[in-house]
$ cat input34.txt   # compact mmCIF, C-alpha atoms
# COMPACT_ATOMS: atom_id res chain seq x y z
CA MET A 164 0.00 0.00 0.00
CA LEU A 165 3.00 2.34 0.43
CA LYS A 166 3.22 2.67 -3.34
CA THR A 167 -0.46 3.67 -3.48
CA ILE A 168 -0.01 6.29 -0.75
CA TRP A 169 3.05 7.73 -2.53
CA LEU A 170 1.22 7.93 -5.84
CA GLY A 171 -1.82 9.39 -4.12
CA ALA A 172 0.31 12.15 -2.65
CA PHE A 173 1.81 12.82 -6.08
CA PHE A 174 -1.59 13.38 -7.68
CA PHE A 175 -3.33 15.20 -4.80
CA ALA A 176 -4.86 17.93 -6.91
CA ALA A 177 -8.08 18.90 -8.66
CA THR A 178 -10.23 15.96 -9.68
CA GLU A 179 -11.87 17.20 -12.86
CA ALA A 180 -11.48 15.08 -15.99
CA ILE A 181 -8.03 14.94 -17.55
CA PRO A 182 -7.95 17.79 -20.06
CA GLU A 183 -6.83 17.25 -23.63
CA THR A 184 -3.47 18.83 -24.35
CA SER A 185 -1.81 19.53 -27.67
CA PRO A 186 -0.99 16.35 -29.61
CA TRP A 187 2.57 17.66 -29.78
CA THR A 188 2.86 17.32 -26.00
CA ILE A 189 3.65 13.67 -26.54
CA LEU A 190 7.01 14.68 -28.03
CA TRP A 191 8.33 15.59 -24.56
CA THR A 192 6.09 13.57 -22.23
CA ALA A 193 6.74 10.17 -23.87
CA PRO A 194 10.56 10.56 -23.68
CA ALA A 195 10.23 11.82 -20.11
CA ILE A 196 8.29 8.70 -19.07
CA ILE A 197 10.76 6.43 -20.86
CA ILE A 198 13.71 8.17 -19.17
CA ALA A 199 11.92 7.96 -15.80
CA ALA A 200 11.38 4.22 -16.18
CA MET A 201 14.99 3.71 -17.28
CA VAL A 202 16.60 5.61 -14.40
CA ILE A 203 14.33 3.82 -11.91
CA ALA A 204 15.33 0.50 -13.49
CA TRP A 205 19.03 1.43 -13.24
CA ALA A 206 18.62 2.32 -9.57
CA THR A 207 16.75 -0.90 -8.84
CA GLU A 208 19.19 -3.10 -10.78
CA SER A 209 22.03 -1.56 -8.79
CA ALA A 210 20.25 -2.02 -5.47
CA GLN A 211 19.17 -5.61 -6.25
CA PHE A 212 22.68 -6.74 -7.16
CA PHE A 213 23.24 -8.16 -3.67
CA ILE A 214 19.77 -9.69 -3.17
CA ALA A 215 18.57 -13.24 -3.87
CA GLN A 216 17.44 -13.49 -7.47
CA GLY A 217 13.72 -14.27 -7.01
CA PHE A 218 13.11 -11.47 -4.53
CA ALA A 219 15.29 -9.11 -6.56
CA LEU A 220 13.30 -9.83 -9.73
CA ALA A 221 10.03 -9.11 -7.91
CA ILE A 222 11.30 -5.76 -6.63
CA LEU A 223 12.81 -4.88 -10.01
CA ALA A 224 9.54 -5.73 -11.78
CA LEU A 225 7.62 -3.64 -9.24
CA MET A 226 9.79 -0.56 -9.72
CA GLN A 227 9.92 -0.92 -13.50
CA THR A 228 6.13 -0.67 -13.62
CA LEU A 229 6.04 2.58 -11.63
CA PRO A 230 5.08 4.62 -14.76
CA GLU A 231 2.21 2.17 -15.31
CA PHE A 232 1.06 2.73 -11.73
CA ALA A 233 1.34 6.50 -12.19
CA MET A 234 -0.90 6.54 -15.27
CA GLU A 235 -3.51 4.39 -13.54
CA ALA A 236 -3.35 6.68 -10.50
CA VAL A 237 -4.04 9.70 -12.73
CA PHE A 238 -7.14 8.03 -14.18
CA ALA A 239 -8.38 6.93 -10.76
CA TRP A 240 -7.75 10.34 -9.15
CA HIS A 241 -9.65 12.09 -11.94
CA ARG A 242 -12.44 9.50 -11.62
CA GLN A 243 -12.24 8.48 -15.27
CA ILE A 244 -13.45 4.99 -14.48
CA PRO A 245 -13.98 3.82 -18.11
CA PHE A 246 -10.23 4.13 -18.75
CA LEU A 247 -8.96 2.39 -15.61
CA PHE A 248 -8.70 -1.03 -17.22
CA ALA A 249 -7.60 0.23 -20.64
CA ASN A 250 -3.95 0.78 -19.79
CA LEU A 251 -3.87 -2.19 -17.38
CA THR A 252 -5.21 -4.83 -19.79
CA GLY A 253 -3.13 -3.44 -22.65
CA ALA A 254 0.05 -3.67 -20.58
CA LEU A 255 -0.63 -7.20 -19.36
CA ARG A 256 -1.39 -8.49 -22.86
CA LEU A 257 1.67 -6.69 -24.22
CA LEU A 258 3.97 -8.30 -21.62
CA THR A 259 2.72 -11.81 -22.40
CA GLY A 260 1.87 -11.55 -26.10
CA LEU A 261 4.93 -9.59 -27.21
CA GLY A 262 7.34 -9.65 -24.25
CA TRP A 263 7.55 -13.41 -23.73
CA PRO A 264 8.01 -14.20 -27.46
CA MET A 265 10.58 -11.40 -27.74
CA ILE A 266 12.66 -13.03 -24.99
CA TYR A 267 12.54 -16.38 -26.79
CA CYS A 268 13.49 -14.83 -30.15
CA ALA A 269 16.42 -12.86 -28.68
CA ALA A 270 17.82 -15.95 -26.98
CA ALA A 271 17.15 -18.23 -29.99
CA LEU A 272 18.92 -15.93 -32.45
CA VAL A 273 22.06 -15.75 -30.29
CA TYR A 274 21.92 -19.50 -29.63
CA ARG A 275 21.76 -20.30 -33.35
CA LYS A 276 24.65 -17.92 -34.03
CA ARG A 277 26.77 -19.60 -31.36
CA HIS A 278 25.87 -23.25 -31.93
CA GLY A 279 24.62 -23.36 -35.52
CA LYS A 280 21.36 -25.08 -34.57
CA PRO A 281 17.92 -23.94 -33.38
CA MET A 282 17.03 -23.51 -29.71
CA GLY A 283 13.82 -25.43 -29.13
CA ARG A 284 12.81 -23.97 -25.80
CA ILE A 285 13.71 -21.89 -22.76
CA VAL A 286 14.09 -24.14 -19.71
CA MET A 287 13.53 -22.61 -16.29
CA GLU A 288 15.13 -23.49 -12.97
CA GLY A 289 13.46 -24.89 -9.86
CA GLN A 290 13.16 -21.58 -8.03
CA HIS A 291 11.25 -20.09 -10.95
CA SER A 292 8.31 -22.30 -10.00
CA VAL A 293 7.44 -19.70 -7.34
CA GLN A 294 6.75 -17.09 -10.05
CA VAL A 295 4.82 -19.54 -12.25
CA VAL A 296 2.61 -20.83 -9.44
CA GLY A 297 2.43 -17.30 -8.02
CA LEU A 298 0.54 -16.15 -11.11
CA LEU A 299 -2.30 -18.61 -10.48
CA LEU A 300 -3.89 -17.08 -7.35
CA PRO A 301 -4.20 -13.52 -8.75
CA LEU A 302 -5.86 -14.93 -11.87
CA ILE A 303 -8.38 -16.81 -9.74
CA TYR A 304 -9.22 -13.77 -7.62
CA VAL A 305 -9.43 -11.37 -10.56
CA SER A 306 -11.83 -13.86 -12.18
CA PHE A 307 -14.01 -13.48 -9.08
CA ILE A 308 -13.84 -9.67 -9.46
CA LEU A 309 -14.88 -10.05 -13.09
CA TRP A 310 -17.79 -12.31 -12.09
CA LYS A 311 -19.20 -9.74 -9.65
CA ALA A 312 -18.36 -6.86 -12.08
CA SER A 313 -17.04 -4.53 -9.38
CA LEU A 314 -13.81 -3.70 -7.58
CA ASN A 315 -13.82 -2.43 -4.00
CA LEU A 316 -11.55 -1.80 -1.03
CA PHE A 317 -12.00 -5.34 0.32
CA ASP A 318 -10.67 -6.65 -3.02
CA ALA A 319 -7.73 -4.26 -2.64
CA VAL A 320 -6.89 -5.75 0.76
CA VAL A 321 -7.09 -9.32 -0.58
CA LEU A 322 -4.95 -8.58 -3.65
CA THR A 323 -2.35 -6.76 -1.53
CA ALA A 324 -2.25 -9.74 0.85
CA ILE A 325 -1.69 -12.07 -2.11
CA TYR A 326 1.26 -10.01 -3.27
CA GLY A 327 2.60 -9.83 0.29
CA ALA A 328 2.47 -13.63 0.57
CA TYR A 329 4.23 -13.91 -2.81
CA LEU A 330 7.06 -11.64 -1.64
CA ALA A 331 7.30 -13.44 1.71
CA LEU A 332 7.71 -16.74 -0.13
CA LEU A 333 10.40 -15.34 -2.40
CA ILE A 334 12.34 -14.09 0.63
CA LYS A 335 12.46 -17.69 1.88
CA MET A 336 14.16 -18.88 -1.28
CA PRO A 337 17.95 -19.32 -1.14
CA ALA A 338 20.27 -16.82 -2.75
CA GLU A 339 21.64 -17.97 -6.06
CA GLU A 340 25.10 -17.30 -7.38
CA PRO A 341 25.45 -13.55 -7.67
CA GLU A 342 25.28 -12.17 -11.16
CA GLY A 343 28.69 -11.10 -12.45
CA ILE A 344 29.38 -7.39 -12.46
CA ALA A 345 30.45 -7.70 -16.08
CA ASP A 346 26.91 -8.86 -16.95
CA LEU A 347 25.36 -5.61 -15.77
CA GLU A 348 24.62 -2.80 -18.19
CA ARG A 349 27.11 0.06 -18.22
CA ILE A 350 25.33 2.49 -15.90
CA PRO A 351 24.26 -0.02 -13.18
CA ARG A 352 27.77 -1.49 -13.33
CA ALA A 353 29.31 1.93 -12.73
CA ILE A 354 26.96 2.51 -9.78
CA VAL A 355 27.73 -0.88 -8.20
CA LEU A 356 31.49 -0.26 -8.51
CA SER A 357 31.24 3.18 -6.91
CA PRO A 358 32.27 3.78 -3.27
CA ARG A 359 29.47 3.01 -0.83
CA GLY A 360 28.49 6.61 -0.08
CA ARG A 361 28.41 7.62 -3.73
CA ARG A 362 26.52 4.44 -4.65
CA ILE A 363 23.77 5.18 -2.12
CA ALA A 364 23.53 8.81 -3.28
CA LEU A 365 23.32 7.78 -6.94
CA ILE A 366 20.61 5.20 -6.29
CA ILE A 367 18.52 7.64 -4.24
CA GLY A 368 19.11 10.40 -6.80
CA LEU A 369 17.93 8.21 -9.68
CA PHE A 370 14.77 7.22 -7.80
CA VAL A 371 14.02 10.89 -7.08
CA LEU A 372 14.71 11.92 -10.68
CA GLY A 373 12.44 9.17 -11.99
CA GLY A 374 9.68 10.17 -9.58
CA VAL A 375 9.86 13.85 -10.55
CA LEU A 376 9.77 13.04 -14.27
CA ILE A 377 6.71 10.84 -13.78
CA LYS A 378 5.02 13.53 -11.72
CA VAL A 379 5.39 16.25 -14.35
CA SER A 380 4.71 14.10 -17.42
CA ALA A 381 2.06 11.46 -16.61
CA GLU A 382 -1.04 13.65 -16.81
CA PRO A 383 -0.06 15.74 -19.86
CA PHE A 384 1.01 12.51 -21.60
CA LEU A 385 -2.47 11.03 -21.15
CA GLY A 386 -4.01 14.34 -22.26
CA SER A 387 -1.97 14.20 -25.47
CA LEU A 388 -3.19 10.62 -26.11
CA PHE A 389 -6.77 11.87 -25.84
CA ALA A 390 -6.05 14.62 -28.37
CA ILE A 391 -4.26 12.31 -30.83
CA SER A 392 -6.99 9.65 -30.69
CA THR A 393 -9.62 12.31 -31.42
CA SER A 394 -7.67 13.71 -34.37
CA ILE A 395 -7.04 10.33 -36.06
CA GLY A 396 -10.46 8.84 -35.32
CA ILE A 397 -9.41 5.87 -33.15
CA PRO A 398 -11.56 5.26 -30.04
CA THR A 399 -9.80 6.77 -27.01
CA PHE A 400 -10.10 3.60 -24.92
CA ILE A 401 -8.31 1.55 -27.59
CA PHE A 402 -5.66 4.20 -28.23
CA VAL A 403 -4.84 4.51 -24.52
CA GLN A 404 -4.88 0.73 -24.16
CA TRP A 405 -2.08 0.23 -26.68
CA VAL A 406 0.04 3.39 -26.86
CA ALA A 407 0.46 4.02 -23.13
CA PRO A 408 1.79 0.50 -22.34
CA PHE A 409 4.28 0.64 -25.23
CA ILE A 410 5.78 3.76 -23.65
CA SER A 411 5.66 2.67 -20.01
CA GLU A 412 6.90 -0.90 -20.68
CA PHE A 413 9.65 0.10 -23.14
CA PRO A 414 12.54 0.20 -20.63
CA GLU A 415 11.48 -3.12 -19.12
CA GLY A 416 11.49 -4.60 -22.60
CA LEU A 417 15.05 -3.35 -23.13
CA SER A 418 16.23 -4.89 -19.85
CA THR A 419 14.72 -8.28 -20.58
CA PHE A 420 16.02 -8.21 -24.17
CA TYR A 421 19.52 -7.46 -22.82
CA TRP A 422 19.30 -10.45 -20.46
CA ALA A 423 17.73 -12.76 -23.05
CA ARG A 424 20.50 -12.27 -25.59
CA THR A 425 22.97 -13.82 -23.13
CA VAL A 426 20.89 -17.04 -23.54
CA THR A 427 21.79 -18.32 -20.06
CA ARG A 428 19.80 -15.49 -18.46
CA ALA A 429 16.76 -15.90 -20.71
CA PRO A 430 14.84 -17.75 -17.94
CA MET A 431 15.53 -14.84 -15.58
CA ALA A 432 14.31 -12.37 -18.22
CA LEU A 433 11.11 -14.37 -18.65
CA MET A 434 10.54 -14.50 -14.88
CA ASN A 435 11.04 -10.74 -14.68
CA LEU A 436 8.02 -10.30 -16.96
CA VAL A 437 6.02 -12.92 -15.05
CA SER A 438 6.75 -10.96 -11.86
CA SER A 439 5.49 -7.82 -13.63
CA ASN A 440 2.28 -9.67 -14.51
CA ILE A 441 1.84 -10.66 -10.86
CA ASN A 442 2.40 -7.19 -9.40
CA GLN A 443 0.04 -5.60 -11.92
CA TRP A 444 -2.71 -8.16 -11.28
CA THR A 445 -2.35 -7.57 -7.53
CA LEU A 446 -0.95 -4.19 -6.46
CA LEU A 447 -1.97 -2.24 -9.53
CA VAL A 448 -5.55 -3.52 -9.47
CA ALA A 449 -5.63 -2.99 -5.68
CA MET A 450 -4.52 0.62 -6.11
CA LEU A 451 -7.49 1.59 -8.28
CA PRO A 452 -10.31 1.58 -5.66
CA VAL A 453 -7.95 3.06 -3.06
CA VAL A 454 -7.04 6.13 -5.15
CA LEU A 455 -10.63 6.44 -6.40
CA SER A 456 -11.90 6.43 -2.80
CA LEU A 457 -9.30 9.02 -1.77
CA SER A 458 -10.41 11.21 -4.68
CA ILE A 459 -14.11 10.97 -3.78
CA GLY A 460 -13.47 11.22 -0.05
CA SER A 461 -15.30 8.04 0.99
CA PRO A 462 -15.04 4.27 0.41
CA THR A 463 -16.08 3.62 -3.18
CA SER A 464 -16.77 0.50 -5.22
CA MET A 465 -15.71 0.68 -8.84
CA PRO A 466 -18.14 -0.89 -11.36
CA LEU A 467 -16.85 -2.65 -14.47
CA ASP A 468 -18.83 -1.77 -17.57
CA GLU A 469 -19.31 -4.17 -20.48
CA GLN A 470 -16.23 -3.02 -22.38
CA GLN A 471 -14.01 -3.35 -19.33
CA GLN A 472 -15.44 -6.79 -18.58
CA ASN A 473 -14.65 -7.95 -22.14
CA GLU A 474 -11.10 -6.60 -21.93
CA VAL A 475 -10.46 -8.22 -18.55
CA LEU A 476 -11.95 -11.51 -19.81
CA MET A 477 -9.62 -11.60 -22.82
CA THR A 478 -6.64 -10.73 -20.63
CA ILE A 479 -7.44 -13.49 -18.13
CA ALA A 480 -7.81 -15.94 -21.04
CA GLN A 481 -4.43 -14.97 -22.48
CA GLN A 482 -2.73 -15.17 -19.08
CA LEU A 483 -4.25 -18.61 -18.47
CA VAL A 484 -2.82 -19.92 -21.74
CA GLY A 485 0.59 -18.45 -20.84
CA LEU A 486 0.48 -20.00 -17.39
CA LEU A 487 -0.39 -23.43 -18.83
CA PHE A 488 2.47 -23.10 -21.31
CA LEU A 489 4.88 -22.55 -18.40
CA ILE A 490 3.43 -25.29 -16.19
CA ASN A 491 6.13 -27.71 -17.41
CA MET A 492 8.81 -25.06 -16.63
CA GLU A 493 9.58 -24.54 -20.32
CA LEU A 494 8.60 -22.13 -23.09
CA ALA A 495 8.79 -23.86 -26.46
CA TRP A 496 9.21 -22.05 -29.78
CA TRP A 497 5.69 -22.86 -30.95
CA GLU A 498 4.21 -21.62 -27.67
CA ALA A 499 6.03 -18.31 -28.06
CA ALA A 500 4.80 -18.14 -31.67
CA ALA A 501 1.20 -18.85 -30.61
CA LEU A 502 1.25 -16.15 -27.93
CA PHE A 503 2.59 -13.61 -30.41
CA GLY A 504 0.23 -14.58 -33.22
CA LEU A 505 -2.93 -14.30 -31.13
CA TRP A 506 -1.75 -11.05 -29.55
CA PHE A 507 -0.90 -9.52 -32.92
CA VAL A 508 -4.27 -10.42 -34.50
CA GLN A 509 -6.33 -8.74 -31.78
CA PHE A 510 -3.87 -5.83 -31.59
CA ALA A 511 -4.06 -5.15 -35.32
CA PHE A 512 -7.86 -5.35 -35.52
CA SER A 513 -8.51 -3.35 -32.35
CA ALA A 514 -7.19 -0.15 -33.96
CA ILE A 515 -9.76 -0.26 -36.80
CA ASN A 516 -12.58 2.24 -36.39
CA PRO A 517 -15.90 0.37 -35.95
CA ASP A 518 -17.50 2.65 -38.59
CA VAL A 519 -15.17 1.41 -41.36
CA ALA A 520 -17.07 -0.82 -43.78
CA PHE A 521 -16.43 -4.57 -43.40
CA TRP A 522 -13.17 -4.23 -41.43
CA GLY A 523 -14.77 -2.31 -38.55
CA PRO A 524 -17.43 -4.91 -37.65
CA LEU A 525 -14.94 -7.70 -38.36
CA GLY A 526 -12.50 -6.14 -35.92
CA GLN A 527 -15.15 -6.12 -33.20
CA HIS A 528 -15.84 -9.83 -33.76
CA VAL A 529 -12.13 -10.72 -33.79
CA HIS A 530 -11.84 -9.62 -30.17
CA GLY A 531 -14.43 -12.20 -29.11
CA TRP A 532 -13.05 -14.89 -31.40
CA VAL A 533 -9.54 -14.52 -30.01
CA THR A 534 -10.90 -14.75 -26.46
CA ILE A 535 -12.68 -17.99 -27.39
CA VAL A 536 -9.47 -19.37 -28.94
CA TYR A 537 -7.56 -18.57 -25.74
CA PHE A 538 -10.07 -20.42 -23.57
CA ALA A 539 -10.32 -23.33 -26.01
CA TRP A 540 -6.54 -23.67 -26.07
CA SER A 541 -6.50 -23.52 -22.25
CA ALA A 542 -9.01 -26.38 -22.15
CA ILE A 543 -6.83 -28.44 -24.51
CA GLU A 544 -3.75 -27.84 -22.35
CA LEU A 545 -5.68 -28.79 -19.22
CA VAL A 546 -6.77 -32.06 -20.84
CA ARG A 547 -3.16 -32.74 -21.88
CA LEU A 548 -2.12 -32.06 -18.30
CA LEU A 549 -4.70 -34.50 -16.91
CA LEU A 550 -3.68 -37.16 -19.46
CA GLY A 551 -0.03 -36.81 -18.50
CA GLN A 552 1.04 -35.42 -21.86
CA ARG A 553 2.27 -32.24 -20.18
CA LYS A 554 4.16 -32.58 -16.91
CA PRO A 555 3.16 -30.21 -14.06
CA ARG A 556 6.79 -29.57 -13.12
CA ALA A 557 5.97 -26.11 -11.78
CA PHE A 558 3.84 -27.66 -9.03
CA THR A 559 6.30 -30.43 -8.21
CA GLU A 560 9.21 -27.98 -8.10
CA PHE A 561 7.12 -25.58 -6.01
CA ALA A 562 6.34 -28.36 -3.53
CA LYS A 563 10.04 -29.19 -3.36
CA MET A 564 10.94 -25.53 -2.74
CA TRP A 565 8.24 -25.33 -0.04
CA ARG A 566 9.53 -28.43 1.77
CA GLN A 567 13.16 -27.35 1.61
CA HIS A 568 12.90 -23.66 2.42
CA VAL A 569 9.54 -22.98 4.07
CA SER A 570 8.44 -26.08 5.99
CA ARG A 571 11.99 -26.72 7.22
CA GLY A 572 12.25 -23.14 8.42
CA LEU A 573 8.94 -23.40 10.27
CA GLY A 574 10.01 -26.68 11.83
CA ALA A 575 13.28 -25.15 13.05
CA LYS A 576 11.28 -22.51 14.93
$ encode --input "input34.txt" --output "structure tokens"
Amino acid sequence: MLKTIWLGAFFFAATEAIPETSPWTILWTAPAIIIAAMVIAWATESAQFFIAQGFALAILALMQTLPEFAMEAVFAWHRQIPFLFANLTGALRLLTGLGWPMIYCAAALVYRKRHGKPMGRIVMEGQHSVQVVGLLLPLIYVSFILWKASLNLFDAVVLTAIYGAYLALLIKMPAEEPEGIADLERIPRAIVLSPRGRRIALIIGLFVLGGVLIKVSAEPFLGSLFAISTSIGIPTFIFVQWVAPFISEFPEGLSTFYWARTVTRAPMALMNLVSSNINQWTLLVAMLPVVLSLSIGSPTSMPLDEQQQNEVLMTIAQQLVGLLFLINMELAWWEAAALFGLWFVQFAFSAINPDVAFWGPLGQHVHGWVTIVYFAWSAIELVRLLLGQRKPRAFTEFAKMWRQHVSRGLGAK
């Protein structure tokens, strides 16, 4: 909740609707948000260098999504409820539909160059089962929120508790071999090698700089998206859903691409994005009714209209397919291709104006068709799991991690 309080303080101002700004405002606000996310990522990567990998990835993923949280806080503070799930669902589908395949492609290209043969799959390590299994509970609870078509403060408490339990479990995991300093990007490496006092000052300074940039640019950035969508005739909800996440997730994409091209760190890059999915399904969703209630001045339940319900349903369906793909602790080439293909189809058709002859109505139907395909594919993978054709290694590895590092610790007490 500390992140919510901090963001709430940042946007404690008038609560009228976000005003449209000049479309040209995006020329300085988009770079400002990208720079903010990058400097925050540098600070976090430097700070997490000495932390166990699983916990470090969770914290890194949390800080990398700060611009995403800021944009959602702006919408919630200005009570623009119809847009609250636009940016969120767009970001989640972007991470899984483009981010996961991008990690596979980056690693596969380098692998082929080194070994002269294709890389069939990314294989994860035992500790990564915590992230894979950790994605399941948020999906179940968000499905309950979708079923009742509302989001309230009680849901915020439950989702925050889920994330707290996830972090507590990661803390129990053993530290892995520390990442080599040479593997860090240039700026985090320079920070880590600095004297202790300077290192602390640089990390704090980067966090402050990132926060200030987000503060001054988040609202005018969203205002410029409104203006651009009006001028080019694309529905504002759709435009915000796709453009805002591309900007806010760009630095995270660079970090994971950098890790993936080392091949050996591709599993870590993939788990970084899975951790981002988890913190957005939990803390980001939990933040929405909190900031909305602060804006109104009393506890408020947030209704989900039909469009938001459809978007959340598709996102849950996509995440379920992704989770089932990772249940055997591997991501195969064809699974990465399937995630990208389905994401690209609904992304391409969503930008078509509904009034355009033939393509407009077709685009509206594609959204539903892709959702059905996601659920149908999930059903097939569940059947394969029950028939033993897909091994549930994530659960068996998770049970092993629990026995070794949680149950043993409780028994020692």
$ atom_distance --input "input34.txt" --atom1 "atom CA of Ala381 of chain A" --atom2 "atom CA of Gly260 of chain A"
24.9 Å
$ residues_near_point --input "input34.txt" --point "(-2.8, -8.9, -34.4)" --cutoff "12 Å" --atoms "only C-alpha atoms" --output "list in words"
Arg256, Leu257, Gly260, Leu261, Trp405, Ala501, Leu502, Phe503, Gly504, Leu505, Trp506, Phe507, Val508, Gln509, Phe510, Ala511, Phe512, Ser513, Ala514, Ile515, Gly526, Val529, His530 and Val533 of chain A
$ atom_distance --input "input34.txt" --atom1 "atom CA of Pro186 of chain A" --atom2 "atom CA of Asn250 of chain A"
18.6 Å
$ atom_distance --input "input34.txt" --atom1 "atom CA of Met336 of chain A" --atom2 "atom CA of Met564 of chain A"
7.5 Å
$ residues_around --input "input34.txt" --residues "segment 471-481 of chain A" --least-positions-apart "3" --cutoff "8 Å" --atoms "all atoms listed in the file" --output "PyMOL selection string"
chain A and resi 245+248-249+252+255-256+259+302+306+309+312+467-468+484-485+502+530-531+533-534+537-538+541
$ closest_residue --input "input34.txt" --among "A:Leu451, A:Met234, A:Ile325, A:Ala271" --to "Thr463 of chain A" --atoms "all atoms listed in the file"
A:Leu451
$ residues_around --input "input34.txt" --residues "Leu385 of chain A" --least-positions-apart "6" --cutoff "10 Å" --atoms "only C-alpha atoms" --output "number ranges by chain"
A: 181-184, 188-189, 192-193, 234, 237-238, 391, 403, 406-407
$ closest_residue --input "input34.txt" --among "A:Phe246, A:Phe488, A:Trp240, A:Tyr267" --to "Ala432 of chain A" --atoms "all atoms listed in the file"
A:Tyr267
